[in-house]
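Q: Got a structure for you, questions after.
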Amino acid sequence: DPNQSGRVYHLALDIGGSLAKLVYFTKKDDGYVHGEERISPQEALAKSKGSRSYPVVKGRLNFMRFETSKINDLLEFIKSEKLHLGGSRQQDVPGNQNMFIKATGGGAYKYADLFKERLGISLDKEDEMDCLVAGANFLLKVVPEEAFTYLDEQKQFVQIDHNDLYPYLLVNIGSGVSMIKVEGAGKFERVSGTSIGGGTFWGLGRLLTKCKSFDELLEMSYRGNNRVIDMLVGDIYGGTDYSKIGLASTAIASSFGKAISDNKKIEDYNPEDIARSLLRMISNNIGQISYLNALRFGLKRIFFGGFFIRSHPFTMDTISVAVNYWSKGEAKAMFLRHEGFLGAVGAFMSSDK
Ligand code: ADP
């Protein structure tokens, strides 16, 4: 029971189109940790907030995620862990306790009444882009080994020089995709985006493969072979490269293009192969649009976040190869360990504003 070991200092929410993310702080280092990821925030808090309003306390940031469609699970979790009793109070007037917690994402609006009714919590809304950028800046500056490249099946952590972080392109692949040019703390512009994102992979994947969960779809893509579905340059050129314009025979000429040439029905295809083609198509497309935006603004570094990635090697590889290929090695794709929690961390950071 985390309540006995560590008092919860505060918590913050990012309720997106697909997933609701929760970040909360528990005192005590050897406490109990929920979720899959952890960073030790004592240093983080000290660095980011100074001793101004927060003592350097020993503790942990805990990360949790729930499907937004099962928002009740999140409410139940907060209730069962009594997180709503330890948060920051804006007005500590007996009998009139107003609990405020920071929340971002569309769900901060959509579910505001539900939180108020069920838990007596008022959601203090923070702008989604502000939170994304604040979260990314914070994690990149404070967490050692937050960013890494993924090339040739090798994960390599990147040392980020605090004085040389900006400018960069932040690509957040959630349900939809946002591309943000970041030039400093609070200095950013959403320059592009695409609706072909994580929600597309999950939605289209469900329709095409009948899989029951996102994890199942992802799992299937591990085992699939996209060449069964995609039309490759070699399929068109009879196995040879189209070397004049630099296309290898293995390059995808048309995603899903092979499905037109057979007399096969959808059930004749392996769902694994479909999942893999779909993942490839979406990752490639995002990598390409990202690169074009990096080029547009002369940005050399692109950080990719959002829960679509899920540290999936194939996804990261596809994005990296796309960025590398289109930029002729000029731009670098980097991934974040706390990929899906940027907004929630940003909301958390704004708790003492
Ligand atoms: P949002 O804030 O829009 O919900 P996220 O960064 O949380 O964005 O990413 C959501 C996307 O992550 C989904 O559209 C899906 O592609 C992917 N995803 C990863 N894990 C899951 C999961 N367990 N359930 C549903 N979607 C998941």
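Residue names in the structure tokens use chain letters A, B, ... in the order shown, residue numbers from 1 in each chain, and ligand numbers from 1 in the order shown.
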Hey, what's within 7 Å of Thr318 in chain A if we count only C-alpha atoms and toss same-chain stuff fewer than 4 positions away? As JSON, numbers by chain, please?

A: {"A": [280, 283, 284, 314, 322]}

Q: Hey, which residues come within 9 Å of ligand 1 if we count only C-alpha atoms and all ligand atoms? Could you give them as a ChimeraX atom specification?

A: /A:14-21,65-68,105-106,172-177,197-203,213-215,218,305-310,339-343

Q: Please write the residues from the selection above to a file, keeping C-alpha atoms, as an mmCIF file, in the first residue's frame.

A:
```cif
data_model
loop_
_atom_site.group_PDB
_atom_site.id
_atom_site.type_symbol
_atom_site.label_atom_id
_atom_site.label_comp_id
_atom_site.auth_asym_id
_atom_site.auth_seq_id
_atom_site.Cartn_x
_atom_site.Cartn_y
_atom_site.Cartn_z
ATOM 1 C CA ASP A 14 -3.060 13.874 -19.482
ATOM 2 C CA ILE A 15 -6.284 12.467 -20.865
ATOM 3 C CA GLY A 16 -5.883 11.919 -24.577
ATOM 4 C CA GLY A 17 -8.007 10.445 -27.324
ATOM 5 C CA SER A 18 -6.772 6.912 -26.708
ATOM 6 C CA LEU A 19 -4.960 6.841 -23.396
ATOM 7 C CA ALA A 20 -5.191 8.598 -20.064
ATOM 8 C CA LYS A 21 -1.814 9.152 -18.450
ATOM 9 C CA ARG A 65 -1.688 4.700 -18.166
ATOM 10 C CA PHE A 66 -5.283 3.669 -18.765
ATOM 11 C CA GLU A 67 -7.411 3.430 -21.850
ATOM 12 C CA THR A 68 -9.458 6.598 -22.084
ATOM 13 C CA GLY A 105 -5.491 16.738 -23.121
ATOM 14 C CA GLY A 106 -9.038 16.833 -24.440
ATOM 15 C CA ASN A 172 4.335 13.523 -30.760
ATOM 16 C CA ILE A 173 2.674 10.428 -32.140
ATOM 17 C CA GLY A 174 -0.474 9.941 -30.126
ATOM 18 C CA SER A 175 -3.866 9.226 -31.643
ATOM 19 C CA GLY A 176 -3.021 11.997 -34.066
ATOM 20 C CA VAL A 177 0.400 13.477 -34.731
ATOM 21 C CA GLY A 197 -1.162 8.431 -36.474
ATOM 22 C CA GLY A 198 -1.485 5.989 -33.618
ATOM 23 C CA GLY A 199 -5.267 6.043 -33.708
ATOM 24 C CA THR A 200 -5.102 5.096 -37.383
ATOM 25 C CA PHE A 201 -2.824 2.166 -36.699
ATOM 26 C CA TRP A 202 -5.027 0.927 -33.899
ATOM 27 C CA GLY A 203 -8.342 1.641 -35.663
ATOM 28 C CA SER A 213 -6.191 -5.083 -28.173
ATOM 29 C CA PHE A 214 -3.476 -2.702 -29.200
ATOM 30 C CA ASP A 215 -0.856 -4.942 -27.646
ATOM 31 C CA LEU A 218 1.650 -4.739 -31.977
ATOM 32 C CA GLY A 305 7.333 10.883 -28.450
ATOM 33 C CA GLY A 306 3.814 9.547 -27.930
ATOM 34 C CA PHE A 307 2.497 6.130 -27.054
ATOM 35 C CA PHE A 308 2.300 4.927 -30.624
ATOM 36 C CA ILE A 309 5.980 4.095 -30.457
ATOM 37 C CA ARG A 310 5.878 1.831 -27.422
ATOM 38 C CA GLU A 339 7.659 8.684 -24.801
ATOM 39 C CA GLY A 340 3.972 8.692 -23.883
ATOM 40 C CA PHE A 341 4.217 10.779 -20.732
ATOM 41 C CA LEU A 342 5.445 14.101 -22.091
ATOM 42 C CA GLY A 343 2.124 15.870 -21.634
#
```

Q: Please identify all polymer residues within 12 Å of range 327-329 of chain A, counting only C-alpha atoms, omitting same-chain residues fewer than 4 positions from it, and present them as a PyMOL selection string.

A: chain A and resi 151+246+287-296+298-302+320-323+333

Q: Which one of A:Ile196, A:Val23, A:Leu140, A:Ala344 sits closest to Asn62 in chain A if you count only C-alpha atoms?

A: A:Val23

Q: Which distance in Å separates CA of Arg337 in chain A and CA of Val143 in chain A, to one decimal?

A: 9.5 Å

Q: So, with only C-alpha atoms as the atoms that count, which of A:Leu232, A:Ile245, A:Leu85, A:Ala134 lies closest to Lys258 in chain A?

A: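 Between A:Leu232, A:Ile245, A:Leu85, A:Ala134, the residue approaching Lys258 in chain A most closely is A:Leu232.
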
Q: Looking at A:Phe335, A:Phe303, A:Phe348, A:Phe115, which one is nearest to Ser178 in chain A, with distances taken over only C-alpha atoms?

A: A:Phe303

Q: Can you list, as a PDB file with N, CA and C atoms, in the first residue's frame, every protein, DNA or RNA residue that comes within 10 Å of Ala248 in chain A when you count only C-alpha atoms, leaving out same-chain residues fewer than 5 positions away?

A:
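File part.pdb, as written:
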```pdb
ATOM      1  N   LEU A 232       6.784  -3.920 -53.831  1.00  0.00           N
ATOM      2  CA  LEU A 232       8.155  -3.424 -53.763  1.00  0.00           C
ATOM      3  C   LEU A 232       8.641  -3.002 -55.149  1.00  0.00           C
ATOM      4  N   VAL A 233       9.682  -2.208 -55.160  1.00  0.00           N
ATOM      5  CA  VAL A 233      10.272  -1.799 -56.440  1.00  0.00           C
ATOM      6  C   VAL A 233      10.638  -3.043 -57.254  1.00  0.00           C
ATOM      7  N   GLY A 234      11.185  -4.044 -56.565  1.00  0.00           N
ATOM      8  CA  GLY A 234      11.577  -5.279 -57.229  1.00  0.00           C
ATOM      9  C   GLY A 234      10.400  -6.035 -57.849  1.00  0.00           C
ATOM     10  N   GLY A 239      12.634  -7.821 -59.868  1.00  0.00           N
ATOM     11  CA  GLY A 239      13.715  -8.212 -58.949  1.00  0.00           C
ATOM     12  C   GLY A 239      14.943  -7.328 -58.964  1.00  0.00           C
ATOM     13  N   THR A 240      15.033  -6.423 -59.927  1.00  0.00           N
ATOM     14  CA  THR A 240      16.232  -5.570 -59.949  1.00  0.00           C
ATOM     15  C   THR A 240      15.945  -4.194 -59.349  1.00  0.00           C
ATOM     16  N   ASP A 241      17.016  -3.501 -58.995  1.00  0.00           N
ATOM     17  CA  ASP A 241      16.891  -2.146 -58.461  1.00  0.00           C
ATOM     18  C   ASP A 241      16.529  -1.181 -59.587  1.00  0.00           C
ATOM     19  N   TYR A 242      15.923  -0.069 -59.214  1.00  0.00           N
ATOM     20  CA  TYR A 242      15.747   1.032 -60.150  1.00  0.00           C
ATOM     21  C   TYR A 242      16.853   2.011 -59.787  1.00  0.00           C
ATOM     22  N   SER A 243      18.062   1.650 -60.193  1.00  0.00           N
ATOM     23  CA  SER A 243      19.239   2.335 -59.654  1.00  0.00           C
ATOM     24  C   SER A 243      19.371   3.771 -60.137  1.00  0.00           C
ATOM     25  N   ALA A 253       7.328   0.399 -53.080  1.00  0.00           N
ATOM     26  CA  ALA A 253       6.828   1.307 -54.110  1.00  0.00           C
ATOM     27  C   ALA A 253       5.413   1.735 -53.748  1.00  0.00           C
TER      28      ALA A 253
END
```

Q: Just asking: which residues within range 112-256 of chain A are strand (DSSP E) according to DSSP, as JSON, numbers by chain?

A: {"A": [121, 122, 123, 124, 125, 147, 148, 149, 150, 151, 154, 155, 156, 157, 168, 169, 170, 171, 172, 173, 177, 178, 179, 180, 181, 182, 183, 184, 187, 188, 189, 190, 191, 192, 193, 194, 231, 232, 252, 253, 254]}

Q: Check the smallest atom-to-atom distance from each of A:Gly184, A:Gly107, A:Gly193, A:Pro313 to Ile71 in chain A using only C-alpha atoms, then report the winner.

A: A:Gly107

Q: Restricting the calculation to only C-alpha atoms, which member of A:Met349, A:Met316, A:Pro167, A:Leu13 is positioned closest to Tyr109 in chain A?

A: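 Using only C-alpha atoms, Tyr109 in chain A sits closest to A:Leu13.
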
Q: So which residues touch Met129 in chain A within 8 Å, counting only C-alpha atoms, skipping near sequence neighbours fewer than 3 positions away, as a ChimeraX atom specification?

A: /A:132-133,190,343
